[in-house]
Each structure stands twice: as structure tokens, then as C-alpha cells.
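Shown next: data_27.tsv, containing TSV, C-alpha atoms.
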chain	number	residue	atom	x	y	z
P	1	MET	CA	-51.35	15.87	-29.88
P	2	PRO	CA	-48.06	17.58	-30.77
P	3	GLY	CA	-48.07	16.28	-34.35
P	4	HIS	CA	-51.58	17.59	-34.91
P	5	GLN	CA	-50.70	20.95	-33.37
P	6	ASN	CA	-47.61	21.18	-35.59
P	7	GLY	CA	-49.80	20.53	-38.67
P	8	VAL	CA	-52.25	23.21	-37.58
P	9	THR	CA	-49.36	25.64	-37.04
P	10	LYS	CA	-47.90	24.93	-40.49
P	11	GLU	CA	-51.30	25.41	-42.07
P	12	ALA	CA	-51.88	28.70	-40.25
P	13	LEU	CA	-48.44	29.95	-41.26
P	14	SER	CA	-48.93	28.97	-44.89
P	15	ARG	CA	-52.17	31.00	-45.05
P	16	LEU	CA	-50.70	34.23	-43.67
P	17	PRO	CA	-49.47	35.60	-47.04
P	18	GLU	CA	-53.03	35.31	-48.39
P	19	LEU	CA	-54.55	37.48	-45.64
P	20	ASP	CA	-55.30	41.14	-46.15
P	21	LEU	CA	-54.00	43.84	-43.82
P	22	ARG	CA	-57.29	44.09	-41.90
P	23	ARG	CA	-57.29	40.35	-41.08
P	24	LEU	CA	-53.60	40.43	-40.12
P	25	ARG	CA	-54.34	43.29	-37.70
P	26	GLU	CA	-57.20	41.24	-36.22
P	27	LEU	CA	-54.89	38.27	-35.74
P	28	TRP	CA	-52.32	40.54	-34.10
P	29	CYS	CA	-54.96	41.73	-31.63
P	30	GLU	CA	-56.00	38.15	-30.84
P	31	LEU	CA	-52.44	36.95	-30.38
P	32	TYR	CA	-50.85	39.93	-28.62
P	33	LYS	CA	-53.96	41.24	-26.79
P	34	THR	CA	-53.28	44.76	-28.04
P	35	ALA	CA	-53.80	46.78	-31.20
P	36	THR	CA	-51.05	47.23	-33.77
P	37	ALA	CA	-49.38	50.56	-34.24
P	38	PRO	CA	-51.16	52.29	-37.13
P	39	ARG	CA	-48.09	52.61	-39.35
P	40	LEU	CA	-46.73	49.07	-39.17
P	41	SER	CA	-46.30	47.55	-42.59
P	42	ARG	CA	-48.22	44.50	-43.69
P	43	GLU	CA	-44.94	42.57	-43.96
P	44	LEU	CA	-43.90	43.37	-40.39
P	45	ILE	CA	-47.34	42.50	-39.01
P	46	MET	CA	-47.31	39.21	-40.91
P	47	ARG	CA	-43.87	38.33	-39.53
P	48	ALA	CA	-44.88	39.20	-35.98
P	49	VAL	CA	-48.07	37.15	-36.26
P	50	ALA	CA	-46.09	34.21	-37.66
P	51	TYR	CA	-43.59	34.47	-34.81
P	52	ARG	CA	-46.35	34.54	-32.20
P	53	ILE	CA	-48.12	31.52	-33.73
P	54	GLN	CA	-44.86	29.56	-33.58
P	55	GLU	CA	-44.09	30.82	-30.09
P	56	LEU	CA	-47.44	29.64	-28.77
P	57	ALA	CA	-47.08	26.28	-30.51
P	58	SER	CA	-43.57	25.64	-29.19
P	59	GLY	CA	-43.97	27.02	-25.68
P	60	GLY	CA	-42.20	30.33	-26.10
P	61	LEU	CA	-38.90	31.55	-24.74
P	62	ARG	CA	-37.11	29.86	-21.86
P	63	PRO	CA	-37.63	31.65	-18.51
P	64	GLU	CA	-33.93	32.59	-18.28
P	65	LEU	CA	-34.05	34.29	-21.68
P	66	GLN	CA	-37.26	36.08	-20.70
P	67	ARG	CA	-35.49	37.41	-17.56
P	68	GLN	CA	-32.51	38.58	-19.63
P	69	LEU	CA	-34.76	40.39	-22.09
P	70	HIS	CA	-36.67	42.00	-19.22
P	71	GLN	CA	-33.37	43.21	-17.68
P	72	ILE	CA	-32.26	44.66	-21.02
P	73	ALA	CA	-35.59	46.46	-21.36
P	74	LEU	CA	-35.26	47.89	-17.84
P	75	ARG	CA	-31.71	49.14	-18.55
P	76	LEU	CA	-32.94	50.74	-21.78
P	77	GLN	CA	-35.76	52.44	-19.92
P	78	GLN	CA	-33.47	53.64	-17.10
P	79	THR	CA	-30.34	54.60	-19.03
P	80	GLY	CA	-31.42	54.93	-22.64
P	81	ARG	CA	-28.95	52.18	-23.58
P	82	ALA	CA	-29.67	48.54	-24.23
P	83	THR	CA	-26.62	46.53	-23.30
P	84	MET	CA	-26.21	42.80	-23.47
P	85	ARG	CA	-23.75	40.63	-21.66
P	86	PRO	CA	-22.34	37.99	-24.00
P	87	ARG	CA	-22.43	35.28	-21.33
P	88	PRO	CA	-23.97	34.80	-17.91
P	89	GLN	CA	-22.20	36.43	-15.03
P	90	LEU	CA	-20.47	33.94	-12.77
P	91	LYS	CA	-20.81	34.67	-9.08
P	92	PRO	CA	-17.72	34.61	-6.87
P	93	GLY	CA	-17.46	31.25	-5.13
P	94	THR	CA	-18.80	29.30	-8.10
P	95	ARG	CA	-16.73	26.22	-8.88
P	96	LEU	CA	-16.42	25.19	-12.52
P	97	LEU	CA	-15.62	21.48	-12.74
P	98	ARG	CA	-14.49	19.20	-15.54
P	99	GLU	CA	-13.29	15.61	-15.41
P	100	TRP	CA	-10.83	14.53	-18.09
P	101	GLN	CA	-8.74	11.36	-18.26
P	102	GLY	CA	-9.59	10.49	-14.68
P	103	ARG	CA	-8.42	13.85	-13.37
P	104	SER	CA	-10.67	16.59	-12.02
P	105	HIS	CA	-10.06	20.14	-13.17
P	106	GLU	CA	-11.59	22.89	-11.06
P	107	VAL	CA	-11.70	26.63	-11.58
P	108	LEU	CA	-12.87	28.85	-8.73
P	109	VAL	CA	-14.63	32.11	-9.63
P	110	LEU	CA	-13.22	35.03	-7.60
P	111	ASN	CA	-14.30	38.66	-7.22
P	112	ASP	CA	-11.43	39.76	-9.45
P	113	GLY	CA	-10.91	36.78	-11.76
P	114	PHE	CA	-10.38	33.05	-11.45
P	115	SER	CA	-8.17	30.59	-9.60
P	116	TRP	CA	-6.90	27.43	-11.27
P	117	GLN	CA	-4.21	25.16	-9.84
P	118	ALA	CA	-3.40	27.71	-7.12
P	119	THR	CA	-2.71	30.42	-9.71
P	120	HIS	CA	-4.75	33.61	-10.14
P	121	TYR	CA	-5.98	34.52	-13.64
P	122	ARG	CA	-7.85	37.62	-14.77
P	123	SER	CA	-10.02	35.71	-17.26
P	124	LEU	CA	-11.04	32.23	-18.40
P	125	SER	CA	-9.24	32.99	-21.66
P	126	ALA	CA	-6.00	33.42	-19.73
P	127	ILE	CA	-6.48	29.95	-18.24
P	128	ARG	CA	-7.21	28.58	-21.69
P	129	SER	CA	-3.81	29.71	-22.92
P	130	SER	CA	-2.10	27.84	-20.07
P	131	ALA	CA	0.08	24.96	-21.32
P	132	ASP	CA	-1.61	22.31	-19.14
P	133	ILE	CA	-5.12	23.14	-20.27
P	134	ARG	CA	-4.26	22.82	-23.97
P	135	GLN	CA	-4.42	19.03	-23.69
P	136	ILE	CA	-8.10	19.01	-22.67
P	137	PRO	CA	-10.41	18.61	-25.68
P	138	GLY	CA	-12.56	21.65	-26.37
P	139	SER	CA	-10.46	23.97	-24.24
P	140	PHE	CA	-7.75	25.09	-26.60
P	141	ALA	CA	-7.48	22.91	-29.70
P	142	ASN	CA	-10.54	24.47	-31.28
P	143	GLN	CA	-10.09	28.23	-31.01
P	144	HIS	CA	-13.65	28.79	-32.19
P	145	LEU	CA	-15.13	27.17	-29.10
P	146	PRO	CA	-15.34	29.43	-26.07
P	147	PHE	CA	-13.23	28.27	-23.16
P	148	GLU	CA	-16.30	28.16	-20.94
P	149	ARG	CA	-17.52	25.07	-22.85
P	150	LEU	CA	-14.76	23.18	-21.09
P	151	TRP	CA	-16.76	23.52	-17.90
P	152	GLN	CA	-20.15	22.46	-19.27

Translate the structure of the given file into C-alpha cells.
Amino acid sequence: MPGHQNGVTKEALSRLPELDLRRLRELWCELYKTATAPRLSRELIMRAVAYRIQELASGGLRPELQRQLHQIALRLQQTGRATMRPRPQLKPGTRLLREWQGRSHEVLVLNDGFSWQATHYRSLSAIRSSADIRQIPGSFANQHLPFERLWQ
């Protein structure tokens, strides 16, 4: 029963501030299957326990996000730097399609950029600034939307 589980989760979360440090550490061990670091503050333990309760109730992170976090952790371990890519990498050969006003718009992902209407572009942003693409809603009119949303 999702509604019942949600109620149980809310109740458990509401009781966390009342728990002492010893009980919070016990909950951490139950939820994470490992002991807390000795110097973690009560506040941090409480937040982590609350997060884990919610994560278990809602099903946790999507598999793709889990893979991305795992890759970041590996890079940190190997290079000492944790880098994030702001968007997924598009593989060469991928076709980005959008239908608008009965006309199909297609961008081909290349090794060194993109091809749109038989013209090579270094980035999707360069295509966005093209005069023809400005007429497509979501591609240029709203500068705060990334161009890639055009192809979703």
C-alpha cells in the first residue's frame, strides 16, 4: 500500500529529531549496513538517515544516475578529481529528431560536431543560433532552455 508506506515514512521522519545520538547511529547501521564514522555530527547522521528512509520508500536513484555516480567515484579514485559532464555524451551516428509544423528536423551527431541541413556545426548551440531553427518553439525563443530540449 503506497499510501500506508508514505504515512509510515512521514511518521519515521518526524520522529528523527527526538532520537538521541546512540539511536541515530543504530538506525544508520540498520539502513546502511555499516557503522558511522565516529566523528560524524548528530545533525549529519540524522540527515543521512532521513535521506535513506526516503530513498528506500521511493525506490532510490534511477539506474542511469547510479551509473553516473559510480563513474564519478571511479574517476575520483583514479585521478583524484571528480568531474561531471553536464549532459549525456551523444555517440556519433545518433540522430536527433523533432517534428514541427509537419516538417521533420534531424540533427546527426558526428565525431567532431553535428550536421543539420547538410551543414556542419561544432555544437548544438551553434545550430540553435541558426536563423531557421529560431522559429521552432523551445529552440531559441527561450534562451533559458537548453537547445537539446528541442530534440526530446

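Of note, atom CA of Trp100 of chain P and atom CA of Asp112 of chain P are spaced 26.7 Å apart.
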
Grab all the atoms of segment 101-110 of chain P that the file lists, wrap them in a box along x, y and z, add 4 Å per side, and give me centre plus edge lengths in Å (one decimal) as AutoDock Vina command-line options.
--center_x -11.5 --center_y 22.8 --center_z -12.9 --size_x 14.2 --size_y 32.5 --size_z 18.7

**Message:** Restricting the calculation to all atoms listed in the file: of P:Ala118, P:Leu16, P:Leu61, P:Glu30, which residue gets closest to Glu43 of chain P?
**Reply:** P:Leu16

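The space separating atom CA of Ala50 of chain P from atom CA of His70 of chain P comes to 22.1 Å.
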
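Near Leu44 of chain P, within a cut-off of 12 Å and counting all atoms listed in the file, sit the residues Leu16, Pro17, Leu21, Leu24, Arg25, Trp28, Thr36, Ala37, Pro38, Arg39, Val49, Ala50 and Tyr51 of chain P, with same-chain residues fewer than 5 positions away left out.
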
For the residues selected in the previous step, produce a file with C-alpha atoms as an mmCIF file, in the coordinates of the input.
data_model
loop_
_atom_site.group_PDB
_atom_site.id
_atom_site.type_symbol
_atom_site.label_atom_id
_atom_site.label_comp_id
_atom_site.auth_asym_id
_atom_site.auth_seq_id
_atom_site.Cartn_x
_atom_site.Cartn_y
_atom_site.Cartn_z
ATOM 1 C CA LEU P 16 -50.700 34.230 -43.670
ATOM 2 C CA PRO P 17 -49.470 35.600 -47.040
ATOM 3 C CA LEU P 21 -54.000 43.840 -43.820
ATOM 4 C CA LEU P 24 -53.600 40.430 -40.120
ATOM 5 C CA ARG P 25 -54.340 43.290 -37.700
ATOM 6 C CA TRP P 28 -52.320 40.540 -34.100
ATOM 7 C CA THR P 36 -51.050 47.230 -33.770
ATOM 8 C CA ALA P 37 -49.380 50.560 -34.240
ATOM 9 C CA PRO P 38 -51.160 52.290 -37.130
ATOM 10 C CA ARG P 39 -48.090 52.610 -39.350
ATOM 11 C CA VAL P 49 -48.070 37.150 -36.260
ATOM 12 C CA ALA P 50 -46.090 34.210 -37.660
ATOM 13 C CA TYR P 51 -43.590 34.470 -34.810
#
